[in-house]
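Data block for final-v9.csv (CSV, C-alpha atoms):
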```csv
chain,number,residue,atom,x,y,z
R,17,MET,CA,51.2,-37.5,-36.0
R,18,ASN,CA,52.5,-39.9,-33.4
R,19,HIS,CA,49.6,-42.4,-33.3
R,20,ASN,CA,50.9,-44.1,-30.2
R,21,GLY,CA,51.5,-41.2,-27.9
R,22,GLU,CA,50.0,-38.0,-29.3
R,23,GLY,CA,47.0,-39.7,-30.7
R,24,SER,CA,46.0,-41.3,-27.5
R,25,LYS,CA,46.5,-38.0,-25.7
R,26,VAL,CA,44.2,-36.2,-28.1
R,27,MET,CA,41.6,-38.9,-27.7
R,28,ARG,CA,41.7,-38.5,-24.0
R,29,ASN,CA,41.3,-34.8,-24.3
R,30,ARG,CA,38.3,-35.3,-26.5
R,31,LEU,CA,36.6,-37.4,-23.9
R,32,PRO,CA,36.4,-35.1,-20.8
R,33,TRP,CA,34.3,-37.5,-18.8
R,34,LYS,CA,34.3,-35.5,-15.6
R,35,ARG,CA,33.3,-32.3,-17.4
R,36,TYR,CA,30.1,-34.1,-18.5
R,37,LEU,CA,29.4,-35.9,-15.3
R,38,ASP,CA,26.0,-34.3,-14.9
R,39,VAL,CA,24.9,-35.4,-18.4
R,40,TRP,CA,26.0,-39.0,-17.7
R,41,ILE,CA,24.1,-39.1,-14.5
R,42,ALA,CA,21.0,-37.6,-16.2
R,43,GLY,CA,21.3,-40.1,-19.0
R,44,VAL,CA,21.4,-43.0,-16.6
R,45,PHE,CA,18.4,-41.5,-14.8
R,46,ALA,CA,16.5,-41.3,-18.1
R,47,VAL,CA,17.4,-44.9,-19.1
R,48,VAL,CA,16.6,-46.5,-15.7
R,49,THR,CA,13.3,-44.7,-15.4
R,50,THR,CA,12.3,-45.7,-18.9
R,51,TRP,CA,12.7,-49.3,-18.0
R,52,CYS,CA,10.4,-48.9,-15.0
R,53,VAL,CA,7.4,-47.6,-16.9
R,54,PRO,CA,5.5,-48.6,-20.1
R,55,PHE,CA,7.0,-46.9,-23.1
R,56,SER,CA,4.7,-45.0,-25.5
R,57,TRP,CA,5.7,-42.6,-28.3
R,58,THR,CA,2.5,-40.7,-27.7
R,59,ASP,CA,3.7,-39.8,-24.2
R,60,PHE,CA,7.4,-39.5,-25.1
R,61,VAL,CA,7.3,-36.8,-27.8
R,62,PRO,CA,5.5,-34.2,-25.6
R,63,MET,CA,7.7,-35.1,-22.7
R,64,ILE,CA,10.8,-33.6,-24.1
R,65,HIS,CA,9.3,-30.1,-24.7
R,66,GLY,CA,10.6,-29.6,-28.3
R,67,SER,CA,9.5,-26.0,-28.6
R,68,LEU,CA,11.4,-25.0,-25.5
R,69,LEU,CA,14.6,-26.8,-26.7
R,70,CYS,CA,14.2,-25.1,-30.0
R,71,THR,CA,14.0,-21.7,-28.4
R,72,LEU,CA,17.0,-22.4,-26.2
R,73,PHE,CA,19.1,-23.6,-29.2
R,74,CYS,CA,18.3,-20.4,-31.3
R,75,LEU,CA,19.1,-18.1,-28.4
R,76,MET,CA,22.4,-19.8,-27.7
R,77,ALA,CA,23.4,-19.8,-31.4
R,78,VAL,CA,22.6,-16.0,-31.9
R,79,ILE,CA,24.5,-15.1,-28.7
R,80,ALA,CA,27.4,-17.3,-29.8
R,81,ALA,CA,27.5,-15.3,-33.1
R,82,PHE,CA,27.7,-12.0,-31.2
R,83,ARG,CA,30.3,-13.3,-28.9
R,84,GLN,CA,32.5,-14.5,-31.8
R,85,GLY,CA,32.1,-11.2,-33.5
R,86,GLY,CA,33.5,-9.4,-30.5
R,87,ILE,CA,30.4,-7.2,-30.0
R,88,LEU,CA,29.9,-8.1,-26.4
R,89,THR,CA,33.4,-7.1,-25.2
R,90,TYR,CA,34.3,-4.1,-27.2
R,91,GLY,CA,32.1,-1.5,-25.4
R,92,TYR,CA,33.9,-1.3,-22.1
R,93,SER,CA,37.2,0.0,-23.7
R,94,ARG,CA,35.2,2.7,-25.4
R,95,ILE,CA,33.7,3.8,-22.1
R,96,PHE,CA,36.9,4.0,-20.1
R,97,THR,CA,39.1,6.2,-22.2
R,98,HIS,CA,40.6,7.9,-19.1
R,99,ALA,CA,41.8,6.9,-15.7
R,100,VAL,CA,39.1,5.3,-13.6
R,101,SER,CA,38.9,4.0,-10.0
R,102,VAL,CA,39.0,0.3,-9.2
R,103,ARG,CA,35.6,0.7,-7.6
R,104,VAL,CA,34.1,2.0,-10.8
R,105,LEU,CA,35.9,-0.6,-12.9
R,106,GLY,CA,34.8,-3.4,-10.6
R,107,GLY,CA,31.2,-2.1,-10.6
R,108,PHE,CA,31.2,-2.0,-14.3
R,109,PHE,CA,32.1,-5.7,-14.6
R,110,VAL,CA,29.7,-6.7,-11.9
R,111,PHE,CA,26.7,-4.8,-13.2
R,112,THR,CA,27.5,-5.7,-16.8
R,113,CYS,CA,27.0,-9.3,-15.7
R,114,PHE,CA,23.9,-8.3,-13.8
R,115,PHE,CA,22.2,-6.6,-16.7
R,116,MET,CA,23.6,-8.6,-19.6
R,117,SER,CA,22.5,-11.9,-18.0
R,118,MET,CA,18.9,-10.7,-18.4
R,119,GLY,CA,19.2,-11.0,-22.2
R,120,ILE,CA,22.1,-13.3,-22.9
R,121,THR,CA,21.7,-15.7,-19.9
R,122,ASN,CA,23.8,-16.0,-16.8
R,123,ASP,CA,26.3,-18.6,-18.1
R,124,VAL,CA,27.1,-16.7,-21.3
R,125,SER,CA,27.6,-13.4,-19.5
R,126,LEU,CA,30.1,-15.1,-17.1
R,127,LEU,CA,31.9,-16.8,-20.0
R,128,ILE,CA,32.4,-13.4,-21.6
R,129,PHE,CA,32.9,-10.9,-18.8
R,130,VAL,CA,34.7,-13.0,-16.1
R,131,PRO,CA,37.8,-13.7,-18.2
R,132,LEU,CA,37.7,-10.1,-19.4
R,133,ALA,CA,37.6,-8.8,-15.8
R,134,ILE,CA,40.5,-11.1,-14.9
R,135,SER,CA,42.6,-9.9,-17.8
R,136,VAL,CA,41.9,-6.2,-17.1
R,137,LEU,CA,42.6,-6.4,-13.4
R,138,GLN,CA,45.8,-8.2,-14.1
R,139,ASP,CA,46.9,-5.7,-16.6
R,140,VAL,CA,46.3,-2.8,-14.2
R,141,GLY,CA,48.1,-4.6,-11.4
R,142,LYS,CA,45.0,-5.2,-9.2
R,143,GLU,CA,45.1,-9.0,-8.9
R,144,ALA,CA,44.5,-8.8,-5.2
R,145,TYR,CA,40.8,-8.0,-5.9
R,146,LEU,CA,40.3,-10.8,-8.5
R,147,MET,CA,38.6,-13.2,-6.0
R,148,TYR,CA,36.2,-10.7,-4.7
R,149,VAL,CA,35.2,-9.2,-8.1
R,150,VAL,CA,34.8,-12.6,-9.7
R,151,THR,CA,32.6,-13.8,-6.9
R,152,LEU,CA,30.5,-10.6,-7.1
R,153,GLN,CA,30.2,-11.1,-10.9
R,154,THR,CA,29.0,-14.6,-10.4
R,155,ILE,CA,26.3,-13.5,-7.9
R,156,ALA,CA,25.3,-10.7,-10.2
R,157,ALA,CA,24.9,-13.0,-13.2
R,158,ASN,CA,22.8,-15.5,-11.2
R,159,LEU,CA,20.6,-12.7,-9.7
R,160,GLY,CA,20.2,-10.5,-12.8
R,161,SER,CA,19.1,-13.4,-14.9
R,162,MET,CA,16.1,-14.1,-12.7
R,163,LEU,CA,14.2,-11.0,-14.0
R,164,THR,CA,13.5,-12.3,-17.5
R,165,PRO,CA,12.2,-15.6,-19.0
R,166,ILE,CA,15.3,-15.8,-21.2
R,167,GLY,CA,17.8,-15.0,-18.4
R,168,ASN,CA,18.4,-18.6,-17.5
R,169,PRO,CA,17.2,-22.1,-18.6
R,170,GLN,CA,14.9,-22.7,-15.6
R,171,ASN,CA,13.1,-19.4,-16.2
R,172,LEU,CA,12.4,-20.3,-19.8
R,173,PHE,CA,11.1,-23.7,-18.8
R,174,LEU,CA,8.8,-22.4,-16.1
R,175,TYR,CA,7.6,-19.5,-18.2
R,176,SER,CA,6.6,-22.0,-21.0
R,177,LEU,CA,5.3,-24.7,-18.7
R,178,TYR,CA,3.0,-22.5,-16.6
R,179,GLN,CA,2.0,-20.2,-19.6
R,180,MET,CA,3.0,-17.1,-17.6
R,181,THR,CA,2.6,-13.6,-19.0
R,182,LEU,CA,5.7,-11.4,-19.2
R,183,GLY,CA,4.1,-8.9,-16.9
R,184,ASP,CA,3.3,-11.5,-14.2
R,185,PHE,CA,6.9,-12.9,-14.5
R,186,VAL,CA,8.6,-9.5,-14.1
R,187,TYR,CA,6.2,-8.6,-11.3
R,188,THR,CA,7.0,-11.8,-9.4
R,189,MET,CA,10.8,-11.4,-9.8
R,190,GLY,CA,11.0,-7.6,-9.6
R,191,PRO,CA,11.3,-7.0,-5.9
R,192,ALA,CA,14.1,-9.6,-5.4
R,193,THR,CA,15.9,-8.2,-8.4
R,194,ILE,CA,15.8,-4.7,-7.1
R,195,CYS,CA,17.0,-5.8,-3.7
R,196,SER,CA,19.8,-7.8,-5.4
R,197,ALA,CA,21.0,-4.6,-7.3
R,198,ILE,CA,21.2,-2.7,-4.0
R,199,LEU,CA,23.1,-5.5,-2.3
R,200,LEU,CA,25.6,-5.7,-5.2
R,201,ALA,CA,26.0,-1.9,-5.1
R,202,CYS,CA,27.0,-2.2,-1.4
R,203,GLY,CA,29.4,-5.0,-2.3
R,204,VAL,CA,31.0,-2.9,-5.0
R,205,TRP,CA,31.4,0.1,-2.7
R,206,ILE,CA,33.9,-1.9,-0.6
R,207,LEU,CA,36.4,-1.8,-3.5
R,208,PRO,CA,39.1,1.0,-3.2
R,209,SER,CA,39.0,4.3,-5.1
R,210,ASP,CA,42.6,3.9,-6.5
R,211,ARG,CA,42.7,5.1,-10.1
R,212,VAL,CA,44.0,3.0,-13.0
R,213,HIS,CA,44.3,3.2,-16.8
R,214,VAL,CA,42.2,0.6,-18.7
R,215,PRO,CA,43.8,-1.1,-21.8
R,216,SER,CA,41.9,-1.1,-25.1
R,217,VAL,CA,40.7,-4.3,-26.9
R,218,THR,CA,40.5,-5.4,-30.5
R,219,PRO,CA,37.6,-3.8,-32.4
R,220,PRO,CA,34.7,-6.2,-33.3
R,221,THR,CA,35.0,-8.2,-36.5
R,222,MET,CA,31.3,-8.5,-37.1
R,223,THR,CA,30.1,-6.6,-40.2
R,224,TYR,CA,27.1,-4.3,-40.4
R,225,LYS,CA,25.1,-6.9,-42.3
R,226,GLU,CA,25.9,-9.6,-39.8
R,227,LYS,CA,24.9,-7.3,-36.9
R,228,VAL,CA,21.5,-6.7,-38.7
R,229,LEU,CA,21.1,-10.4,-39.5
R,230,PHE,CA,21.8,-11.8,-36.0
R,231,GLY,CA,20.1,-8.8,-34.4
R,232,SER,CA,16.9,-9.7,-36.3
R,233,PHE,CA,17.2,-13.3,-35.2
R,234,PHE,CA,17.6,-12.2,-31.6
R,235,LEU,CA,14.4,-10.1,-31.8
R,236,ALA,CA,12.7,-13.1,-33.4
R,237,CYS,CA,13.8,-15.3,-30.5
R,238,ILE,CA,12.3,-12.7,-28.1
R,239,ALA,CA,9.1,-12.6,-30.1
R,240,SER,CA,8.8,-16.4,-29.9
R,241,VAL,CA,9.3,-16.4,-26.2
R,242,LEU,CA,6.5,-13.8,-26.0
R,243,ARG,CA,4.4,-16.4,-28.0
R,244,LEU,CA,3.9,-14.1,-31.0
R,245,PHE,CA,4.8,-17.0,-33.3
R,246,SER,CA,6.2,-20.5,-33.0
R,247,PRO,CA,10.0,-20.9,-32.2
R,248,TRP,CA,10.1,-23.6,-34.9
R,249,TRP,CA,9.9,-20.9,-37.6
R,250,VAL,CA,12.9,-19.1,-36.1
R,251,CYS,CA,14.9,-22.4,-36.1
R,252,ILE,CA,13.8,-23.2,-39.7
R,253,CYS,CA,15.1,-19.8,-40.8
R,254,LEU,CA,18.2,-19.7,-38.7
R,255,LEU,CA,19.6,-23.3,-39.2
R,256,PRO,CA,20.2,-23.0,-42.9
R,257,VAL,CA,22.0,-19.7,-42.4
R,258,LEU,CA,24.3,-21.3,-39.9
R,259,LEU,CA,24.9,-24.4,-41.9
R,260,LEU,CA,25.7,-22.5,-45.1
R,261,ARG,CA,27.7,-19.6,-43.8
R,262,TYR,CA,28.4,-19.7,-40.0
R,263,ARG,CA,29.2,-23.3,-39.1
R,264,ARG,CA,31.7,-22.0,-36.4
R,265,VAL,CA,28.6,-20.6,-34.6
R,266,LEU,CA,27.0,-24.1,-34.6
R,267,TRP,CA,30.1,-25.5,-32.8
R,268,ALA,CA,29.8,-22.8,-30.1
R,269,VAL,CA,26.3,-23.8,-29.1
R,270,ASP,CA,26.1,-25.5,-25.6
R,271,TYR,CA,24.7,-28.9,-26.8
R,272,LYS,CA,25.5,-30.3,-23.3
R,273,LEU,CA,22.7,-28.2,-21.8
R,274,LEU,CA,20.3,-29.3,-24.5
R,275,ILE,CA,21.1,-33.0,-23.9
R,276,LEU,CA,20.9,-32.5,-20.2
R,277,PHE,CA,17.4,-31.0,-20.5
R,278,ILE,CA,16.3,-33.9,-22.8
R,279,PHE,CA,17.5,-36.5,-20.3
R,280,LEU,CA,15.9,-34.7,-17.3
R,281,PHE,CA,12.6,-34.2,-19.2
R,282,ILE,CA,12.5,-38.0,-19.9
R,283,GLY,CA,13.5,-39.1,-16.4
R,284,VAL,CA,11.1,-36.7,-14.6
R,285,GLY,CA,8.3,-37.6,-17.0
R,286,ASN,CA,8.8,-41.3,-16.4
R,287,LEU,CA,8.8,-40.7,-12.6
R,288,GLY,CA,5.5,-38.9,-12.9
R,289,LYS,CA,4.0,-42.1,-14.3
R,290,LEU,CA,4.8,-44.1,-11.2
R,291,PRO,CA,1.7,-44.4,-8.9
R,292,VAL,CA,3.7,-43.7,-5.8
R,293,MET,CA,5.1,-40.5,-7.3
R,294,GLN,CA,1.7,-39.2,-8.3
R,295,THR,CA,0.6,-38.5,-4.8
R,296,ALA,CA,3.3,-38.6,-2.1
R,297,PRO,CA,5.7,-35.8,-3.4
R,298,THR,CA,2.7,-33.5,-4.1
R,299,TYR,CA,1.5,-34.0,-0.5
R,300,LEU,CA,4.9,-33.3,0.9
R,301,ILE,CA,5.8,-30.3,-1.2
R,302,GLN,CA,2.5,-28.5,-1.4
R,303,GLY,CA,2.7,-25.3,0.6
R,304,HIS,CA,6.5,-25.6,0.9
R,305,GLU,CA,7.4,-25.1,-2.8
R,306,PHE,CA,9.8,-22.2,-2.1
R,307,TRP,CA,11.8,-24.0,0.6
R,308,ALA,CA,11.9,-27.2,-1.4
R,309,ALA,CA,13.2,-25.4,-4.4
R,310,VAL,CA,15.9,-23.6,-2.4
R,311,VAL,CA,17.1,-26.7,-0.6
R,312,LEU,CA,17.0,-29.0,-3.6
R,313,SER,CA,18.9,-26.5,-5.7
R,314,GLN,CA,21.8,-26.6,-3.2
R,315,ILE,CA,22.1,-30.3,-3.8
R,316,LEU,CA,21.2,-30.9,-7.5
R,317,SER,CA,21.6,-27.3,-8.9
R,318,ASN,CA,18.6,-25.2,-9.8
R,319,VAL,CA,18.0,-26.5,-13.4
R,320,PRO,CA,17.5,-30.2,-12.4
R,321,ALA,CA,15.6,-29.1,-9.3
R,322,THR,CA,13.2,-27.0,-11.5
R,323,VAL,CA,12.4,-29.9,-13.8
R,324,MET,CA,11.9,-32.4,-10.9
R,325,LEU,CA,9.8,-30.1,-8.7
R,326,SER,CA,7.6,-28.7,-11.6
R,327,SER,CA,5.7,-32.0,-11.8
R,328,TYR,CA,4.5,-31.7,-8.2
R,329,CYS,CA,4.3,-28.0,-7.5
R,330,THR,CA,1.0,-26.2,-7.6
R,331,ASP,CA,2.4,-22.7,-6.6
R,332,SER,CA,4.4,-21.6,-9.7
R,333,THR,CA,5.3,-18.3,-8.1
R,334,ALA,CA,7.0,-19.9,-5.1
R,335,LEU,CA,8.8,-22.4,-7.4
R,336,LEU,CA,10.1,-19.6,-9.7
R,337,LEU,CA,11.4,-17.6,-6.7
R,338,GLY,CA,12.8,-20.7,-5.0
R,339,VAL,CA,14.9,-22.0,-7.9
R,340,ASN,CA,16.2,-18.5,-8.8
R,341,ILE,CA,17.2,-17.5,-5.3
R,342,GLY,CA,18.3,-21.1,-4.7
R,343,GLY,CA,21.0,-20.5,-7.3
R,344,LEU,CA,22.9,-18.8,-4.5
R,345,GLY,CA,24.6,-20.8,-1.7
R,346,THR,CA,26.8,-23.7,-2.8
R,347,MET,CA,28.9,-23.6,-5.9
R,348,ILE,CA,26.7,-26.2,-7.6
R,349,ALA,CA,23.5,-24.4,-6.8
R,350,SER,CA,23.8,-22.8,-10.2
R,351,MET,CA,26.1,-24.6,-12.6
R,352,ALA,CA,27.0,-21.2,-14.1
R,353,SER,CA,29.1,-20.6,-11.0
R,354,ILE,CA,31.5,-23.3,-12.1
R,355,ILE,CA,32.4,-21.2,-15.1
R,356,SER,CA,33.8,-18.4,-12.8
R,357,PHE,CA,35.6,-20.9,-10.6
R,358,LYS,CA,37.4,-22.5,-13.5
R,359,ALA,CA,38.3,-19.1,-14.9
R,360,TYR,CA,39.8,-17.9,-11.6
R,361,ALA,CA,41.5,-21.2,-10.9
R,362,ASN,CA,43.4,-20.9,-14.2
R,363,THR,CA,45.0,-17.6,-13.2
R,364,SER,CA,48.5,-17.4,-11.8
R,365,HIS,CA,48.8,-17.4,-8.0
R,366,SER,CA,45.2,-18.5,-7.6
R,367,HIS,CA,43.9,-19.9,-4.3
R,368,PRO,CA,41.0,-22.2,-5.2
R,369,LEU,CA,40.2,-23.4,-1.6
R,370,LYS,CA,40.1,-19.8,-0.4
R,371,TYR,CA,38.0,-18.8,-3.4
R,372,VAL,CA,35.4,-21.6,-2.5
R,373,ALA,CA,35.3,-20.3,1.1
R,374,VAL,CA,34.9,-16.6,0.1
R,375,PHE,CA,32.4,-17.6,-2.6
R,376,THR,CA,30.3,-19.7,-0.2
R,377,GLY,CA,30.3,-17.1,2.5
R,378,MET,CA,29.2,-14.3,0.2
R,379,ASN,CA,26.6,-16.4,-1.5
R,380,VAL,CA,25.1,-17.6,1.8
R,381,ALA,CA,24.9,-14.0,3.0
R,382,PHE,CA,23.1,-12.9,-0.2
R,383,LEU,CA,20.8,-16.0,0.0
R,384,LEU,CA,19.7,-15.3,3.6
R,385,ILE,CA,19.0,-11.6,2.9
R,386,LEU,CA,16.9,-12.4,-0.2
R,387,ILE,CA,15.0,-15.2,1.6
R,388,GLY,CA,14.1,-12.6,4.2
R,389,VAL,CA,13.0,-10.2,1.4
R,390,VAL,CA,10.9,-12.8,-0.3
R,391,GLN,CA,9.2,-13.8,3.0
R,392,LEU,CA,8.3,-10.1,3.6
R,393,VAL,CA,7.0,-9.4,0.1
R,394,ARG,CA,4.9,-12.6,-0.2
```

Represent the structure from my file as structure tokens, please.
Amino acid sequence: MNHNGEGSKVMRNRLPWKRYLDVWIAGVFAVVTTWCVPFSWTDFVPMIHGSLLCTLFCLMAVIAAFRQGGILTYGYSRIFTHAVSVRVLGGFFVFTCFFMSMGITNDVSLLIFVPLAISVLQDVGKEAYLMYVVTLQTIAANLGSMLTPIGNPQNLFLYSLYQMTLGDFVYTMGPATICSAILLACGVWILPSDRVHVPSVTPPTMTYKEKVLFGSFFLACIASVLRLFSPWWVCICLLPVLLLRYRRVLWAVDYKLLILFIFLFIGVGNLGKLPVMQTAPTYLIQGHEFWAAVVLSQILSNVPATVMLSSYCTDSTALLLGVNIGGLGTMIASMASIISFKAYANTSHSHPLKYVAVFTGMNVAFLLILIGVVQLVR
């Protein structure tokens, strides 16, 4: 290795500062607020919500295993064995993101199915529809994920924090989710009916025993979310398996998200100890939880907005609706949207600025319609 040139280049690549800007900002926020309040281990340990982080880690690890085994991408080529229209193909990728995000989270569904959709559309010579389909996929993942507690991080946090039941959660998010599906179907219908032949993909590499193993762990994660037993037991059983046999899966876990949550928990918890923050925000937000969540999500993204507002909101239903619907709008409203943008920007003949314009316009349209639906239902 050339230690003068190549070595420094590798080191720079290992330190992608801009990629982790949100973590750095959250870290500074946590450190500064810790200096402003008296420190106590008694308060600190509950502040970081260890059981929630444990659940999130286990879910990400299991889903990473399925992803590496090729389970999540093989099915589509088995479905489309004959010529199919662009409308049907686009609808498949959009609604795959919509429904899969309910179980494997919005960011993971986009990581898997956006590159796949790009590859397929390029292979069949329909690159002209990339921008539109990828934007619809992003909207679908952000909206489909709002139906379940494990669909996205903010849902899991609020579900745990407010001790919601699964029935109440689905009842709250159901109308907006159904409306979202109808809107997405209308968006898909605009695609043309030209017929194309879909290429096949490599069969999955995961063995039957591995499918059973990680399928069991996934069910255990769901059971822990439903509070049938502690998530710590799932982690205690899963971690040795990963360390001894599947260390590649450990590297695929999104530790950035876990660290971001820890910093936000610490910072927001410290803010709550300040006398001025114990009364003023509650007074300003009370009765306006939904609008505060939607607006703040556009600026900070919905995960940090959820953690910050949860300390002051008394209406958990309004907050839940606000941070989920608030994931529409700007590109940073839901950080999962950045995944799609990067995937599209890396394609040949991409138009990033035009993508941002199309993305923003379509997201705002969906946002305004769903705000109207929420106001009518509530």

Which residue of R:Leu392, R:Leu199, R:Val186, R:Ala359 approaches Ser135 of chain R most closely, using all atoms listed in the file: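 Of R:Leu392, R:Leu199, R:Val186, R:Ala359, the one nearest Ser135 of chain R is R:Ala359, counting all atoms listed in the file.
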
Nearest to Gly43 of chain R: which of R:Ile282, R:Ile198, R:Met180, R:Val110 is it, counting all atoms listed in the file? R:Ile282

Which polymer residues have any atom within 12 Å of an atom of Met324 of chain R, counting all atoms listed in the file, with same-chain residues fewer than 5 positions away left out, as a PyMOL selection string? chain R and resi 42+45+170+173-174+277+279-288+293+297-298+301+305+308-309+312-313+316-319+329+335+339

Do a neighbour search on segment 99-107 of chain R at 9 Å with all atoms listed in the file, toss out local chain neighbours closer than 5 positions, and write the hits as an MDAnalysis selection string. chainID R and resid 112 133 137 142 145 149 153 200:201 203:214

Can you tell me which residues surround Ala239 of chain R at a distance of at most 12 Å, considering all atoms listed in the file, apart from same-chain residues fewer than 3 positions away, and format the answer as a ChimeraX atom specification? /R:71,75,165-166,182,232-236,242-247,249-250

Can you list, as a VMD selection string, every protein, DNA or RNA residue that comes within 12 Å of segment 266-270 of chain R when you count all atoms listed in the file, leaving out same-chain residues fewer than 5 positions away? chain R and resid 36 69 72 to 84 123 to 124 127 169 254 to 261 275 to 277

Writing out the chosen residues with C-alpha atoms as a compact mmCIF listing (two decimals), in the coordinates of the input:
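Output (part-v8.txt):
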```txt
# COMPACT_ATOMS: atom_id res chain seq x y z
CA TYR R 36 30.10 -34.10 -18.50
CA LEU R 69 14.60 -26.80 -26.70
CA LEU R 72 17.00 -22.40 -26.20
CA PHE R 73 19.10 -23.60 -29.20
CA CYS R 74 18.30 -20.40 -31.30
CA LEU R 75 19.10 -18.10 -28.40
CA MET R 76 22.40 -19.80 -27.70
CA ALA R 77 23.40 -19.80 -31.40
CA VAL R 78 22.60 -16.00 -31.90
CA ILE R 79 24.50 -15.10 -28.70
CA ALA R 80 27.40 -17.30 -29.80
CA ALA R 81 27.50 -15.30 -33.10
CA PHE R 82 27.70 -12.00 -31.20
CA ARG R 83 30.30 -13.30 -28.90
CA GLN R 84 32.50 -14.50 -31.80
CA ASP R 123 26.30 -18.60 -18.10
CA VAL R 124 27.10 -16.70 -21.30
CA LEU R 127 31.90 -16.80 -20.00
CA PRO R 169 17.20 -22.10 -18.60
CA LEU R 254 18.20 -19.70 -38.70
CA LEU R 255 19.60 -23.30 -39.20
CA PRO R 256 20.20 -23.00 -42.90
CA VAL R 257 22.00 -19.70 -42.40
CA LEU R 258 24.30 -21.30 -39.90
CA LEU R 259 24.90 -24.40 -41.90
CA LEU R 260 25.70 -22.50 -45.10
CA ARG R 261 27.70 -19.60 -43.80
CA ILE R 275 21.10 -33.00 -23.90
CA LEU R 276 20.90 -32.50 -20.20
CA PHE R 277 17.40 -31.00 -20.50
```

So how many Å separate atom CA of Lys358 of chain R and atom CA of Leu386 of chain R, to one decimal? 26.4 Å

So which residues touch Ile87 of chain R within 12 Å, counting only C-alpha atoms, skipping near sequence neighbours fewer than 5 positions away, as a list in words? Val78, Ile79, Ala80, Ala81, Phe82, Tyr92, Ser93, Arg94, Ile128, Val217, Thr218, Pro219, Pro220, Thr221, Met222, Thr223, Tyr224, Glu226, Lys227, Phe230 and Gly231 of chain R

Using only C-alpha atoms for the distances, tell me which of R:Ile354, R:Leu337, R:Ile315, R:Cys70 is nearest to Asn122 of chain R.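 Once distances to Asn122 of chain R are computed over only C-alpha atoms, the minimum belongs to R:Ile354.
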
Calculate how many Å separate atom CA of Ala192 of chain R from atom CA of Thr330 of chain R, rounding to one decimal. 21.3 Å

Using only C-alpha atoms, can you tell me which of R:Ile41, R:Leu344, R:Pro215, R:Ser356 comes closest to Ser125 of chain R? R:Ser356

Determine, counting only C-alpha atoms, every residue of protein, DNA or RNA that lies within 10 Å of (42.6, -16.3, -11.0) in the file coordinates, then give the result as a PDB file with C-alpha atoms, keeping the file's coordinate frame.
```
ATOM      1  CA  VAL R 130      34.700 -13.000 -16.100  1.00  0.00           C
ATOM      2  CA  PRO R 131      37.800 -13.700 -18.200  1.00  0.00           C
ATOM      3  CA  ILE R 134      40.500 -11.100 -14.900  1.00  0.00           C
ATOM      4  CA  SER R 135      42.600  -9.900 -17.800  1.00  0.00           C
ATOM      5  CA  GLN R 138      45.800  -8.200 -14.100  1.00  0.00           C
ATOM      6  CA  GLU R 143      45.100  -9.000  -8.900  1.00  0.00           C
ATOM      7  CA  ALA R 144      44.500  -8.800  -5.200  1.00  0.00           C
ATOM      8  CA  TYR R 145      40.800  -8.000  -5.900  1.00  0.00           C
ATOM      9  CA  LEU R 146      40.300 -10.800  -8.500  1.00  0.00           C
ATOM     10  CA  MET R 147      38.600 -13.200  -6.000  1.00  0.00           C
ATOM     11  CA  VAL R 150      34.800 -12.600  -9.700  1.00  0.00           C
ATOM     12  CA  SER R 356      33.800 -18.400 -12.800  1.00  0.00           C
ATOM     13  CA  PHE R 357      35.600 -20.900 -10.600  1.00  0.00           C
ATOM     14  CA  LYS R 358      37.400 -22.500 -13.500  1.00  0.00           C
ATOM     15  CA  ALA R 359      38.300 -19.100 -14.900  1.00  0.00           C
ATOM     16  CA  TYR R 360      39.800 -17.900 -11.600  1.00  0.00           C
ATOM     17  CA  ALA R 361      41.500 -21.200 -10.900  1.00  0.00           C
ATOM     18  CA  ASN R 362      43.400 -20.900 -14.200  1.00  0.00           C
ATOM     19  CA  THR R 363      45.000 -17.600 -13.200  1.00  0.00           C
ATOM     20  CA  SER R 364      48.500 -17.400 -11.800  1.00  0.00           C
ATOM     21  CA  HIS R 365      48.800 -17.400  -8.000  1.00  0.00           C
ATOM     22  CA  SER R 366      45.200 -18.500  -7.600  1.00  0.00           C
ATOM     23  CA  HIS R 367      43.900 -19.900  -4.300  1.00  0.00           C
ATOM     24  CA  PRO R 368      41.000 -22.200  -5.200  1.00  0.00           C
ATOM     25  CA  TYR R 371      38.000 -18.800  -3.400  1.00  0.00           C
TER      26      TYR R 371
END
```
